[in-house]
Structures are given as structure tokens and as C-alpha cells.
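Structure file coords.txt (compact mmCIF, C-alpha atoms and all ligand atoms) follows.
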# COMPACT_ATOMS: atom_id res chain seq x y z
CA MET L 1 114.37 141.07 88.79
CA ASN L 2 113.28 141.88 92.35
CA LEU L 3 112.04 138.85 94.24
CA LYS L 4 110.28 139.02 97.55
CA ILE L 5 110.09 135.55 99.05
CA ALA L 6 108.01 134.40 102.00
CA VAL L 7 109.84 131.55 103.73
CA LEU L 8 107.69 129.09 105.69
CA ALA L 9 109.99 126.50 107.21
CA GLY L 10 107.40 124.74 109.39
CA ASP L 11 108.10 121.58 111.33
CA GLY L 12 110.40 118.57 111.58
CA ILE L 13 113.09 118.62 108.92
CA GLY L 14 111.46 121.75 107.43
CA PRO L 15 113.83 124.31 108.97
CA GLU L 16 116.94 122.34 107.93
CA ILE L 17 116.00 121.96 104.29
CA SER L 18 114.60 125.48 104.17
CA VAL L 19 118.02 126.95 104.94
CA GLN L 20 119.52 125.03 102.02
CA GLY L 21 116.78 126.19 99.65
CA VAL L 22 117.29 129.80 100.70
CA ASN L 23 121.08 129.54 100.31
CA VAL L 24 120.75 128.15 96.80
CA MET L 25 118.19 130.83 95.94
CA SER L 26 120.55 133.56 97.16
CA ALA L 27 123.51 132.14 95.26
CA VAL L 28 121.52 131.99 92.02
CA CYS L 29 120.17 135.52 92.49
CA GLU L 30 123.66 136.82 93.12
CA LYS L 31 124.96 135.14 90.01
CA PHE L 32 122.19 136.43 87.75
CA GLY L 33 121.92 139.90 89.28
CA HIS L 34 118.47 139.53 90.88
CA ARG L 35 117.60 141.25 94.11
CA VAL L 36 116.02 138.88 96.59
CA SER L 37 114.60 139.50 100.04
CA TYR L 38 113.14 137.03 102.51
CA GLU L 39 110.34 137.37 105.01
CA TYR L 40 110.06 134.49 107.48
CA ALA L 41 106.69 133.41 108.85
CA LEU L 42 105.24 130.74 111.13
CA CYS L 43 103.15 127.75 110.10
CA GLY L 44 102.23 124.24 111.19
CA ALA L 45 102.82 122.82 114.67
CA ASP L 46 105.44 125.49 115.27
CA ALA L 47 102.77 128.17 114.75
CA ILE L 48 100.25 126.29 116.94
CA ASP L 49 102.81 126.20 119.75
CA LYS L 50 103.71 129.86 119.39
CA VAL L 51 100.43 131.56 118.50
CA GLY L 52 97.75 128.84 118.61
CA ASP L 53 96.97 128.83 114.87
CA PRO L 54 98.70 126.69 112.18
CA PHE L 55 98.33 129.45 109.55
CA PRO L 56 98.03 132.77 111.37
CA ASP L 57 96.77 135.91 109.63
CA GLU L 58 100.22 137.38 110.04
CA THR L 59 101.62 134.54 107.90
CA TYR L 60 98.86 134.97 105.35
CA ASN L 61 99.74 138.67 105.07
CA VAL L 62 103.41 137.86 104.57
CA CYS L 63 102.51 135.36 101.82
CA GLN L 64 100.15 137.78 100.14
CA ALA L 65 102.74 140.52 100.04
CA ALA L 66 105.38 138.19 98.53
CA ASP L 67 106.06 137.21 94.92
CA ALA L 68 106.38 133.57 95.92
CA VAL L 69 106.37 131.34 98.97
CA LEU L 70 109.14 128.87 99.68
CA PHE L 71 107.47 126.30 101.87
CA SER L 72 109.08 123.31 103.56
CA SER L 73 106.89 120.95 105.58
CA VAL L 74 104.40 120.72 108.41
CA GLY L 75 103.36 117.93 110.76
CA HIS L 76 104.20 116.72 114.25
CA PRO L 77 103.75 113.26 115.81
CA LYS L 78 101.92 114.61 118.84
CA TYR L 79 98.94 115.23 116.56
CA ASP L 80 99.16 112.11 114.41
CA ASN L 81 97.83 109.73 117.02
CA ASP L 82 95.31 112.10 118.51
CA PRO L 83 92.14 111.95 116.38
CA THR L 84 90.43 114.32 118.81
CA ALA L 85 92.92 117.18 118.42
CA LYS L 86 90.97 120.36 117.72
CA VAL L 87 93.67 121.97 115.67
CA ARG L 88 96.29 120.20 113.56
CA PRO L 89 99.44 121.36 111.77
CA GLU L 90 98.16 120.09 108.40
CA GLN L 91 95.24 122.50 108.64
CA GLY L 92 97.81 125.25 108.24
CA LEU L 93 98.89 123.89 104.88
CA LEU L 94 95.29 123.47 103.74
CA ALA L 95 94.43 126.99 104.91
CA MET L 96 97.37 128.36 102.99
CA ARG L 97 96.31 126.58 99.80
CA LYS L 98 92.71 127.70 100.17
CA ARG L 99 93.35 131.30 101.16
CA LEU L 100 95.93 131.80 98.43
CA GLY L 101 93.64 130.16 95.86
CA LEU L 102 96.24 127.53 94.91
CA PHE L 103 94.05 125.14 93.00
CA ALA L 104 96.74 123.59 90.80
CA ASN L 105 99.50 121.47 92.26
CA ILE L 106 102.17 120.56 89.72
CA ARG L 107 104.16 117.50 90.72
CA PRO L 108 106.76 116.38 88.18
CA VAL L 109 107.92 112.78 88.56
CA GLN L 110 111.40 112.71 87.19
CA THR L 111 114.19 110.23 87.43
CA PHE L 112 117.90 110.80 87.74
CA LYS L 113 120.14 108.68 85.56
CA CYS L 114 122.62 107.82 88.28
CA LEU L 115 119.86 106.89 90.73
CA VAL L 116 117.87 104.55 88.52
CA HIS L 117 119.16 101.57 90.53
CA LYS L 118 117.83 103.15 93.75
CA SER L 119 114.27 102.70 92.62
CA PRO L 120 112.54 99.56 93.83
CA LEU L 121 111.38 99.17 90.23
CA ARG L 122 113.57 97.59 87.59
CA ALA L 123 115.86 100.05 85.83
CA GLU L 124 114.34 99.41 82.39
CA LEU L 125 110.93 100.45 83.72
CA VAL L 126 112.17 103.58 85.42
CA GLU L 127 114.64 104.82 82.82
CA ASN L 128 112.18 106.63 80.61
CA ALA L 129 109.70 107.71 83.25
CA ASP L 130 109.06 111.43 82.97
CA PHE L 131 105.61 112.68 83.75
CA VAL L 132 103.78 115.42 85.58
CA CYS L 133 100.86 114.93 87.90
CA ILE L 134 98.51 117.90 88.01
CA ARG L 135 96.64 117.56 91.26
CA GLU L 136 93.56 119.66 92.06
CA LEU L 137 94.37 121.25 95.40
CA THR L 138 91.50 123.27 96.85
CA GLY L 139 88.47 121.04 96.40
CA GLY L 140 87.21 117.52 96.87
CA MET L 141 87.13 115.66 100.17
CA TYR L 142 89.81 117.84 101.67
CA PHE L 143 87.45 120.81 101.70
CA GLY L 144 83.96 119.38 101.21
CA GLU L 145 81.42 119.20 104.01
CA LYS L 146 82.62 117.05 106.88
CA TYR L 147 80.95 115.49 109.87
CA GLN L 148 82.23 113.39 112.74
CA ASP L 149 80.67 112.03 115.92
CA ASN L 150 81.33 108.84 117.82
CA GLU L 151 79.11 106.69 115.59
CA LYS L 152 79.47 108.12 112.09
CA ALA L 153 81.63 110.39 110.02
CA TYR L 154 81.80 111.58 106.43
CA ASP L 155 83.76 113.75 104.04
CA THR L 156 82.14 115.03 100.88
CA ASN L 157 83.89 114.84 97.53
CA PHE L 158 82.33 118.03 96.23
CA TYR L 159 83.36 119.61 92.90
CA THR L 160 81.76 122.28 90.76
CA ARG L 161 82.10 122.56 86.99
CA PRO L 162 84.26 125.73 87.14
CA GLU L 163 86.61 124.07 89.62
CA ILE L 164 86.98 121.09 87.31
CA ALA L 165 87.32 123.15 84.13
CA ARG L 166 90.08 125.39 85.48
CA ILE L 167 92.30 122.53 86.62
CA LEU L 168 91.69 120.64 83.37
CA LYS L 169 92.73 123.76 81.47
CA VAL L 170 96.02 123.81 83.39
CA ALA L 171 96.51 120.14 82.50
CA PHE L 172 95.67 120.50 78.79
CA ASP L 173 97.98 123.52 78.55
CA TYR L 174 100.74 121.54 80.24
CA ALA L 175 100.24 118.67 77.83
CA MET L 176 100.60 121.11 74.91
CA LYS L 177 104.02 122.14 76.25
CA ARG L 178 105.09 118.52 76.66
CA ARG L 179 104.42 115.34 74.69
CA ARG L 180 100.74 116.18 74.17
CA HIS L 181 99.39 113.21 76.00
CA LEU L 182 96.90 113.78 78.82
CA THR L 183 95.54 111.07 81.09
CA VAL L 184 92.46 112.03 83.11
CA VAL L 185 92.44 109.88 86.25
CA ASP L 186 89.10 109.33 87.96
CA LYS L 187 86.74 106.74 89.39
CA ALA L 188 83.86 107.42 87.03
CA ASN L 189 82.57 103.85 87.32
CA VAL L 190 81.58 104.58 90.92
CA LEU L 191 81.73 108.27 91.83
CA ALA L 192 79.37 111.01 90.64
CA SER L 193 82.08 113.63 91.12
CA SER L 194 84.31 111.64 88.77
CA ARG L 195 81.57 111.42 86.16
CA LEU L 196 81.30 115.19 86.09
CA TRP L 197 85.09 115.42 85.76
CA ARG L 198 85.00 113.06 82.81
CA GLN L 199 82.11 114.91 81.18
CA VAL L 200 83.87 118.28 81.44
CA ALA L 201 87.13 116.78 80.17
CA GLN L 202 85.40 115.22 77.19
CA GLU L 203 83.82 118.57 76.34
CA MET L 204 87.21 120.29 76.50
CA GLU L 205 88.97 117.76 74.30
CA SER L 206 87.81 119.50 71.12
CA LEU L 207 89.60 122.68 72.25
CA TYR L 208 92.85 120.72 72.26
CA PRO L 209 92.81 118.64 69.08
CA ASP L 210 96.58 118.15 69.27
CA VAL L 211 96.41 116.48 72.65
CA THR L 212 95.77 112.76 72.87
CA THR L 213 93.46 112.42 75.84
CA ASP L 214 92.74 109.19 77.60
CA TYR L 215 90.79 108.26 80.71
CA MET L 216 91.88 105.88 83.40
CA TYR L 217 90.32 104.70 86.63
CA VAL L 218 92.46 105.57 89.60
CA ASP L 219 92.96 101.97 90.72
CA ASN L 220 94.18 101.10 87.27
CA ALA L 221 96.38 104.22 87.16
CA ALA L 222 98.02 103.21 90.45
CA MET L 223 98.95 99.89 88.85
CA ARG L 224 100.01 101.32 85.50
CA MET L 225 102.33 103.85 87.18
CA ILE L 226 104.36 100.95 88.51
CA GLN L 227 104.04 98.63 85.53
CA GLU L 228 104.77 101.19 82.84
CA PRO L 229 105.54 104.65 84.21
CA ALA L 230 106.80 105.80 80.81
CA PHE L 231 103.23 105.57 79.53
CA PHE L 232 102.37 108.84 81.25
CA ASP L 233 103.10 112.37 80.10
CA VAL L 234 100.62 114.59 81.94
CA MET L 235 98.15 113.15 84.40
CA VAL L 236 95.36 115.19 85.97
CA THR L 237 93.26 114.20 88.92
CA GLU L 238 91.25 115.34 91.92
CA ASN L 239 92.76 116.26 95.27
CA THR L 240 92.72 112.96 97.18
CA PHE L 241 93.68 110.73 94.25
CA GLY L 242 96.50 113.16 93.44
CA ASP L 243 97.77 113.04 97.00
CA ILE L 244 98.00 109.26 96.92
CA LEU L 245 99.34 108.86 93.39
CA THR L 246 102.13 111.39 93.88
CA ASP L 247 103.50 109.54 96.90
CA GLU L 248 103.50 106.47 94.72
CA GLY L 249 105.18 108.46 91.96
CA SER L 250 108.00 109.55 94.24
CA VAL L 251 109.03 105.93 94.71
CA ILE L 252 109.80 105.73 90.99
CA SER L 253 112.60 108.28 91.34
CA GLY L 254 114.18 106.40 94.23
CA SER L 255 113.55 108.81 97.10
CA MET L 256 110.77 111.09 98.27
CA GLY L 257 113.46 113.57 99.11
CA LEU L 258 114.04 114.35 95.45
CA LEU L 259 110.72 115.66 94.20
CA PRO L 260 109.60 119.29 94.23
CA SER L 261 106.22 120.78 93.49
CA ALA L 262 104.57 124.05 92.61
CA SER L 263 101.14 125.16 93.74
CA THR L 264 99.62 127.88 91.63
CA GLY L 265 96.28 129.55 91.15
CA THR L 266 94.93 132.99 91.84
CA GLY L 267 97.27 134.13 94.67
CA THR L 268 100.96 133.98 95.50
CA PRO L 269 102.42 130.70 94.19
CA VAL L 270 103.97 128.25 96.64
CA PHE L 271 106.97 126.02 95.97
CA GLU L 272 107.45 123.04 98.21
CA PRO L 273 108.85 119.52 98.37
CA ILE L 274 106.23 116.78 98.07
CA HIS L 275 107.52 115.04 101.19
CA GLY L 276 106.41 115.67 104.74
CA SER L 277 108.14 116.78 107.94
CA TRP L 278 109.88 113.44 108.78
CA PRO L 279 109.87 114.17 112.52
CA GLN L 280 112.20 111.29 113.38
CA ALA L 281 114.96 112.92 111.36
CA THR L 282 114.61 116.37 112.90
CA GLY L 283 117.96 117.93 113.67
CA LEU L 284 119.95 114.90 112.52
CA ASN L 285 121.25 116.53 109.33
CA ILE L 286 120.19 113.50 107.24
CA ALA L 287 117.19 114.84 105.31
CA ASN L 288 117.68 115.26 101.58
CA PRO L 289 117.52 118.97 100.67
CA VAL L 290 117.18 118.24 96.93
CA ALA L 291 113.36 118.37 96.80
CA GLN L 292 113.48 121.79 98.45
CA ILE L 293 116.29 122.97 96.18
CA LEU L 294 114.45 121.77 93.06
CA SER L 295 111.40 123.65 94.36
CA VAL L 296 113.57 126.76 94.06
CA ALA L 297 114.28 125.77 90.45
CA MET L 298 110.53 125.55 89.84
CA LEU L 299 110.14 128.97 91.46
CA PHE L 300 112.57 130.55 89.00
CA GLU L 301 110.99 128.76 86.08
CA HIS L 302 107.57 130.01 87.16
CA PHE L 303 108.88 133.55 86.59
CA ASP L 304 110.29 132.48 83.24
CA LEU L 305 113.84 132.60 84.58
CA LYS L 306 114.82 129.48 82.70
CA ALA L 307 118.61 129.73 82.86
CA GLU L 308 118.38 130.09 86.64
CA GLY L 309 116.26 126.95 86.92
CA THR L 310 118.52 125.04 84.57
CA LEU L 311 121.61 125.93 86.57
CA ILE L 312 120.02 124.54 89.73
CA ARG L 313 119.06 121.34 87.93
CA GLN L 314 122.61 121.01 86.61
CA ALA L 315 124.00 121.53 90.09
CA VAL L 316 121.69 118.87 91.55
CA ASP L 317 122.57 116.40 88.78
CA ALA L 318 126.25 117.08 89.33
CA SER L 319 125.96 116.52 93.09
CA LEU L 320 124.23 113.19 92.53
CA GLU L 321 126.79 112.15 89.93
CA ALA L 322 129.58 113.08 92.34
CA ASN L 323 127.96 110.91 95.03
CA VAL L 324 127.38 113.96 97.19
CA ARG L 325 124.19 112.45 98.53
CA THR L 326 122.27 112.08 101.74
CA PRO L 327 122.30 108.59 103.30
CA GLU L 328 119.08 107.23 101.76
CA ILE L 329 120.51 107.41 98.24
CA GLN L 330 124.20 107.05 98.97
CA VAL L 331 126.09 104.26 97.23
CA GLU L 332 127.23 101.37 99.37
CA ASP L 333 130.31 102.36 101.36
CA GLY L 334 130.03 105.85 99.90
CA GLU L 335 130.85 108.89 101.97
CA ARG L 336 127.87 110.17 103.93
CA TYR L 337 126.86 113.71 103.28
CA GLY L 338 124.43 115.60 105.45
CA THR L 339 121.63 118.01 104.54
CA LYS L 340 123.98 120.91 105.08
CA GLU L 341 126.89 119.44 103.14
CA VAL L 342 124.73 118.59 100.11
CA GLY L 343 123.29 122.11 100.16
CA GLU L 344 126.72 123.69 100.45
CA TRP L 345 128.08 121.60 97.60
CA ILE L 346 125.23 122.74 95.37
CA VAL L 347 125.74 126.38 96.36
CA ARG L 348 129.42 126.09 95.50
CA PHE L 349 128.60 124.57 92.13
CA VAL L 350 126.21 127.45 91.39
CA ARG L 351 128.86 130.02 92.31
CA GLU L 352 131.68 128.39 90.39
CA THR L 353 129.90 127.39 87.20
C1 LIG M 401 100.88 116.69 100.52
C2 LIG M 401 100.67 116.33 101.97
C3 LIG M 401 99.46 117.10 102.48
C4 LIG M 401 98.24 116.69 101.68
C5 LIG M 401 99.20 116.90 103.99
C6 LIG M 401 100.40 117.23 104.82
C7 LIG M 401 98.00 117.68 104.45
O1 LIG M 401 100.51 114.96 102.13
O2 LIG M 401 101.17 117.87 100.23
O3 LIG M 401 100.79 115.80 99.67
O4 LIG M 401 97.59 115.69 101.97
O5 LIG M 401 97.93 117.41 100.72
MN MN M 402 100.69 113.82 100.29
Please express what this file holds, its structure, as C-alpha cells.
Amino acid sequence: MNLKIAVLAGDGIGPEISVQGVNVMSAVCEKFGHRVSYEYALCGADAIDKVGDPFPDETYNVCQAADAVLFSSVGHPKYDNDPTAKVRPEQGLLAMRKRLGLFANIRPVQTFKCLVHKSPLRAELVENADFVCIRELTGGMYFGEKYQDNEKAYDTNFYTRPEIARILKVAFDYAMKRRRHLTVVDKANVLASSRLWRQVAQEMESLYPDVTTDYMYVDNAAMRMIQEPAFFDVMVTENTFGDILTDEGSVISGSMGLLPSASTGTGTPVFEPIHGSWPQATGLNIANPVAQILSVAMLFEHFDLKAEGTLIRQAVDASLEANVRTPEIQVEDGERYGTKEVGEWIVRFVRET
């Protein structure tokens, strides 16, 4: 297969983990006889500094012309504490999602056997956790009408029926491929937008008689994810709830640096870690490249290249088993491996297996 990849490294630890993702991608392509080419483009604070726009048209064109985007992270502290900033790095990510029509964000919460003890939750709770959060990505408060002056401000949680139906379809279809259990997460006891979500979901249930569908308020879901993560198979929710719940979900696996995601919809799909740009770690060679590398696995799997994805997953498992880990998940007194060393180990495994 020919693969044209747009690489958006972004800010903070982004460039460091991006290199490792690209190296793994190249090694897998070489092994399986795929031709891959990369086109690098600016985004985030880096793009604001260089061209004054966190998602320039030039970058959009590069993404549009590609088969997939390998994205890393955006965000810079100089904007975090400046609520008056006119333009922010995160707007680049949102613009990318919107302009590429990426309405479905797939965030698998998986655990790794040898890291179960790294989770702040008890091992017996975490052991069987294996679920996917399907987060709506181009609607809700993120994109609804906004207003801000010195005295008042609002964001509108706006959703239309077609927007709800298309993300629910993704979720029901996902449930069919998994354990056929779908949990619709909302706040229908308070929010009108949630009531429409629930109504549309209830209407769609009859199209998926093999799926057990249940409904859970988001506050309750936040609790249940910690109390009994193994309850969940596929969870679907609106943009803001999905943002919050997936950070919570990452804690289950033991490190945010382990979880990848895929954003799909009408345009070029994007594969990216769920974590942010971790500015404090920039250039220190301590960021975990695994989330980025597993995003590459999701990229291959998106194109139905299953063996390629599986090999990456095997390589990651093997690196963790061999204690080739970045500091945040290293065993006590274990050798410390950097971003680069973990990436190189995984590349070697891919080549030699
Ligand atoms: C995420 C991030 C983004 C979001 C930020 C960086 C805008 O937290 O991908 O979860 O809120 O969607
Ligand atoms: Mn988030």
C-alpha cells in the first residue's frame, strides 16, 4: 500500500514523540512492503509563532492531501494563564477537527498486564478493564455559540439530530464488533441537549437488537469508571463529557502516556495520543512515546492493515515486559529509558521479529 502521512508534531513534547512514531511507522512499512511518505506541517503555538495561525491553510492543505495525519500535541504555558489571548494553540487542534470533519474520536482504555500495579486503582479492579470511549468531537460547547465580556460569559451546548445520530451509529457499530454493550453517557436529568441524545439513542436501539444499551448520567459514569471499569464495553458521549471522562480513563491504565486515539469522520483521519504537550518535559527525553506509537497502530488498523497494528502492539507489550519504560512507569530501581531509547527498542523489535 502507498501511504501519504501528514506529520503534525506541534508543541512541547510533541516533536520528540513524533519522531518515535514516524520511526516505528517507517520500520513497519519497510517490513510489510508499504511505501510511506511524510509531509511535515505546522500547528499549535509553534505555528502561531511562525505564521500567526495555529492551523494555517497550508497545514490544512497538507492534511487534506494525505491519507492520514499523525498528530502529536499542542499547547504552551504562555497561553494557559492568559485568558485574554486572542489566539491560542488549542484552537489549531479544534480547527483541524472541524475542517477535516472529524466528528468521532475513538479512545480505547486498555490496560497492560505488567503495569496493573502502576494504576492508582486496585489491581483486581483494573485487570479486566477494556473499553472504548467514543467521544463526539465537532459539536457541543466546544463549537457552540460563545460570548464573553467582563461581566458574563457563556458557551452553548448545541447539538442537532444528525450530529447525534451519526456519532451514535459509530458507537453502535463499534459495540457490534466488541462485546455488544453500549453505554450512552449524558446528563438527561438536567440538560436539554442530553435529552435529545437519549431520545435519538432510544430510537436507534431497535436497529441494533443484539446490542445491550444502557444509559448513565455522566456524574454516575465518572464514579462507575473508577469503581468498576470492567462494566464498560463501548461508551458514547458528547464532546465535553468525553474530554473529561477520557482523562479519567487514562488513569486506569497507569499513565496518560500510554493511550492513543483516532479521530475519524468525513475527511482525512487523525491519529494522536490523548495526552497534551507536557511543556515542563520538553526536550528532557522523558516523555512516554507509547501513546504516539500506539496511535500508529490505530492508523494501520484503520486501513485494515491488522498484522501491522498487531506487530506494533506486540512490540509495545514486549518493551513494557522488558522494563524498557520511561520514568513514570519504571519499576523501582529499574533502569531509566528515555523517549528515544524506548522508541528505538520498539523499532528494533519490529525489525527483528
Ligand atoms: C484532548 C485535549 C483537547 C480537547 C484540548 C487540547 C483542546 O484535551 O484532545 O482531549 O479538549 O479536546
Ligand atoms: Mn482532553
With all atoms listed in the file counted, collect every polymer residue having an atom within 8 Å of ligand MN 402 (chain M); state the result as a JSON list (two decimals) with C-alpha atoms, in the frame of the given file.
[["chain", "number", "residue", "atom", "x", "y", "z"],
["L", 243, "ASP", "CA", 97.77, 113.04, 97.00],
["L", 244, "ILE", "CA", 98.00, 109.26, 96.92],
["L", 246, "THR", "CA", 102.13, 111.39, 93.88],
["L", 247, "ASP", "CA", 103.50, 109.54, 96.90],
["L", 274, "ILE", "CA", 106.23, 116.78, 98.07],
["L", 275, "HIS", "CA", 107.52, 115.04, 101.19],
["L", 276, "GLY", "CA", 106.41, 115.67, 104.74]]
Contact check, chain L to ligand LIG 401 (chain M), at most 9 Å, counting only C-alpha atoms and all ligand atoms, closest pairs as a tab-separated table:
residue	atom	partner	partner_atom	distance
L:Ser73	CA	M:LIG401	C6	7.5
L:Val74	CA	M:LIG401	C6	6.4
L:Gly75	CA	M:LIG401	C6	6.7
L:Pro89	CA	M:LIG401	C6	8.1
L:Glu90	CA	M:LIG401	C7	4.6
L:Gln91	CA	M:LIG401	C7	7.0
L:Gly92	CA	M:LIG401	C7	8.5
L:Leu93	CA	M:LIG401	C7	6.3
L:Leu94	CA	M:LIG401	C7	6.4
L:Asn105	CA	M:LIG401	O2	8.9
L:Leu137	CA	M:LIG401	O5	7.5
L:Tyr142	CA	M:LIG401	O4	8.1
L:Asn239	CA	M:LIG401	O5	7.6
L:Thr240	CA	M:LIG401	O4	7.4
L:Gly242	CA	M:LIG401	O3	8.0
L:Asp243	CA	M:LIG401	O3	4.9
L:Ile244	CA	M:LIG401	O3	7.6
L:Thr246	CA	M:LIG401	O3	7.4
L:Asp247	CA	M:LIG401	O3	7.4
L:Ser261	CA	M:LIG401	O2	8.9
L:Glu272	CA	M:LIG401	O2	8.4
L:Pro273	CA	M:LIG401	O2	8.1
L:Ile274	CA	M:LIG401	O2	5.6
L:His275	CA	M:LIG401	C1	6.9
L:Gly276	CA	M:LIG401	C6	6.2
L:Ser277	CA	M:LIG401	C6	8.4
Nearest to Phe232 in chain L, restricted to all atoms listed in the file and choosing among L:Val185, L:Ala129, L:Val170, L:Val251, comes out as L:Ala129
Shell of 6 Å around range 186-188 of chain L, all atoms listed in the file, local chain residues under 5 positions omitted, as a VMD selection string: chain L and resid 194 to 195 217 to 218
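Using all atoms listed in the file, the smallest distance between any of L:Leu259, L:Cys29, L:Leu168, L:Ala47 and Ala201 in chain L comes from L:Leu168.
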In terms of the shortest atom-to-atom distance over only C-alpha atoms, which of L:Leu8, L:Cys43, L:Leu305, L:Ile167 is closest to Pro56 in chain L? L:Cys43
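Counting from CA of Val234 in chain L, the distance to CA of Glu205 in chain L is 14.3 Å.
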Looking at L:Ala315, L:Val69, L:Ile134, L:Ala45, which one is nearest to Val22 in chain L, with distances taken over all atoms listed in the file?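 The answer is L:Val69, which sits nearest to Val22 in chain L.
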Interatomic distance, CA of Leu102 in chain L to CA of Leu70 in chain L (Å, one decimal): 13.8 Å
Using all atoms listed in the file for the distances, tell me which of L:Leu191, L:Val62, L:Ile252, L:Ala297 is nearest to Pro120 in chain L.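 For Pro120 in chain L, the nearest of the given residues is L:Ile252.
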With all atoms listed in the file as the basis for distance, which of L:Asp333, L:Ala291, L:Phe103, L:Asp210 is at the shortest distance from Arg313 in chain L?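 Of L:Asp333, L:Ala291, L:Phe103, L:Asp210, the one nearest Arg313 in chain L is L:Ala291, counting all atoms listed in the file.
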Would you kindly return, as a list of chain:residue names, each protein, DNA or RNA residue with an atom no farther than 10 Å from any atom of Met204 in chain L, considering only C-alpha atoms and excluding same-chain residues fewer than 3 positions away?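 The residues satisfying every condition are L:Ala165, L:Leu168, L:Lys169, L:Phe172, L:Arg198, L:Gln199, L:Val200, L:Ala201, L:Leu207, L:Tyr208, L:Pro209.
From CA of Asp11 in chain L back to CA of Asp46 in chain L, the distance works out to 6.2 Å.
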If we count only C-alpha atoms and set the cut-off at 8 Å, which residues sit around Ile13 in chain L, ignoring sequence neighbours fewer than 5 positions away in its own chain? Please answer as an MDAnalysis selection string. chainID L and resid 73 277:279 281:283 287
Since the input lacks some atoms of range 224-238 of chain L, please model N, CA, C and O atoms and print them as a JSON list (two decimals), in the frame of the given file.
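Listed below is the output, result.json:
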[["chain", "number", "residue", "atom", "x", "y", "z"],
["L", 224, "ARG", "N", 99.27, 100.98, 86.73],
["L", 224, "ARG", "CA", 100.01, 101.32, 85.50],
["L", 224, "ARG", "C", 101.27, 102.15, 85.80],
["L", 224, "ARG", "O", 102.29, 102.01, 85.12],
["L", 225, "MET", "N", 101.18, 103.01, 86.82],
["L", 225, "MET", "CA", 102.33, 103.85, 87.18],
["L", 225, "MET", "C", 103.54, 103.01, 87.56],
["L", 225, "MET", "O", 104.68, 103.42, 87.38],
["L", 226, "ILE", "N", 103.28, 101.84, 88.10],
["L", 226, "ILE", "CA", 104.36, 100.95, 88.51],
["L", 226, "ILE", "C", 104.77, 100.02, 87.37],
["L", 226, "ILE", "O", 105.94, 99.72, 87.18],
["L", 227, "GLN", "N", 103.76, 99.58, 86.61],
["L", 227, "GLN", "CA", 104.04, 98.63, 85.53],
["L", 227, "GLN", "C", 104.71, 99.29, 84.34],
["L", 227, "GLN", "O", 105.55, 98.70, 83.67],
["L", 228, "GLU", "N", 104.28, 100.52, 84.04],
["L", 228, "GLU", "CA", 104.77, 101.19, 82.84],
["L", 228, "GLU", "C", 104.74, 102.70, 83.04],
["L", 228, "GLU", "O", 103.96, 103.41, 82.38],
["L", 229, "PRO", "N", 105.60, 103.21, 83.92],
["L", 229, "PRO", "CA", 105.54, 104.65, 84.21],
["L", 229, "PRO", "C", 105.76, 105.52, 82.98],
["L", 229, "PRO", "O", 105.25, 106.64, 82.91],
["L", 230, "ALA", "N", 106.51, 104.99, 82.01],
["L", 230, "ALA", "CA", 106.80, 105.80, 80.81],
["L", 230, "ALA", "C", 105.56, 106.04, 79.95],
["L", 230, "ALA", "O", 105.58, 106.85, 79.04],
["L", 231, "PHE", "N", 104.47, 105.34, 80.27],
["L", 231, "PHE", "CA", 103.23, 105.57, 79.53],
["L", 231, "PHE", "C", 102.74, 107.00, 79.71],
["L", 231, "PHE", "O", 102.18, 107.61, 78.81],
["L", 232, "PHE", "N", 102.99, 107.56, 80.90],
["L", 232, "PHE", "CA", 102.37, 108.84, 81.25],
["L", 232, "PHE", "C", 103.19, 110.04, 80.79],
["L", 232, "PHE", "O", 104.42, 110.02, 80.81],
["L", 233, "ASP", "N", 102.46, 111.09, 80.42],
["L", 233, "ASP", "CA", 103.10, 112.37, 80.10],
["L", 233, "ASP", "C", 102.56, 113.41, 81.09],
["L", 233, "ASP", "O", 103.24, 113.86, 81.99],
["L", 234, "VAL", "N", 101.27, 113.75, 80.95],
["L", 234, "VAL", "CA", 100.62, 114.59, 81.94],
["L", 234, "VAL", "C", 99.41, 113.83, 82.47],
["L", 234, "VAL", "O", 98.66, 113.25, 81.69],
["L", 235, "MET", "N", 99.28, 113.82, 83.77],
["L", 235, "MET", "CA", 98.15, 113.15, 84.40],
["L", 235, "MET", "C", 97.43, 114.21, 85.21],
["L", 235, "MET", "O", 98.06, 115.07, 85.83],
["L", 236, "VAL", "N", 96.10, 114.21, 85.17],
["L", 236, "VAL", "CA", 95.36, 115.19, 85.97],
["L", 236, "VAL", "C", 94.34, 114.45, 86.82],
["L", 236, "VAL", "O", 93.72, 113.49, 86.37],
["L", 237, "THR", "N", 94.20, 114.89, 88.06],
["L", 237, "THR", "CA", 93.26, 114.20, 88.92],
["L", 237, "THR", "C", 92.82, 115.06, 90.10],
["L", 237, "THR", "O", 93.37, 116.13, 90.34],
["L", 238, "GLU", "N", 91.79, 114.57, 90.80],
["L", 238, "GLU", "CA", 91.25, 115.34, 91.92],
["L", 238, "GLU", "C", 92.19, 115.26, 93.13],
["L", 238, "GLU", "O", 93.14, 114.49, 93.14]]
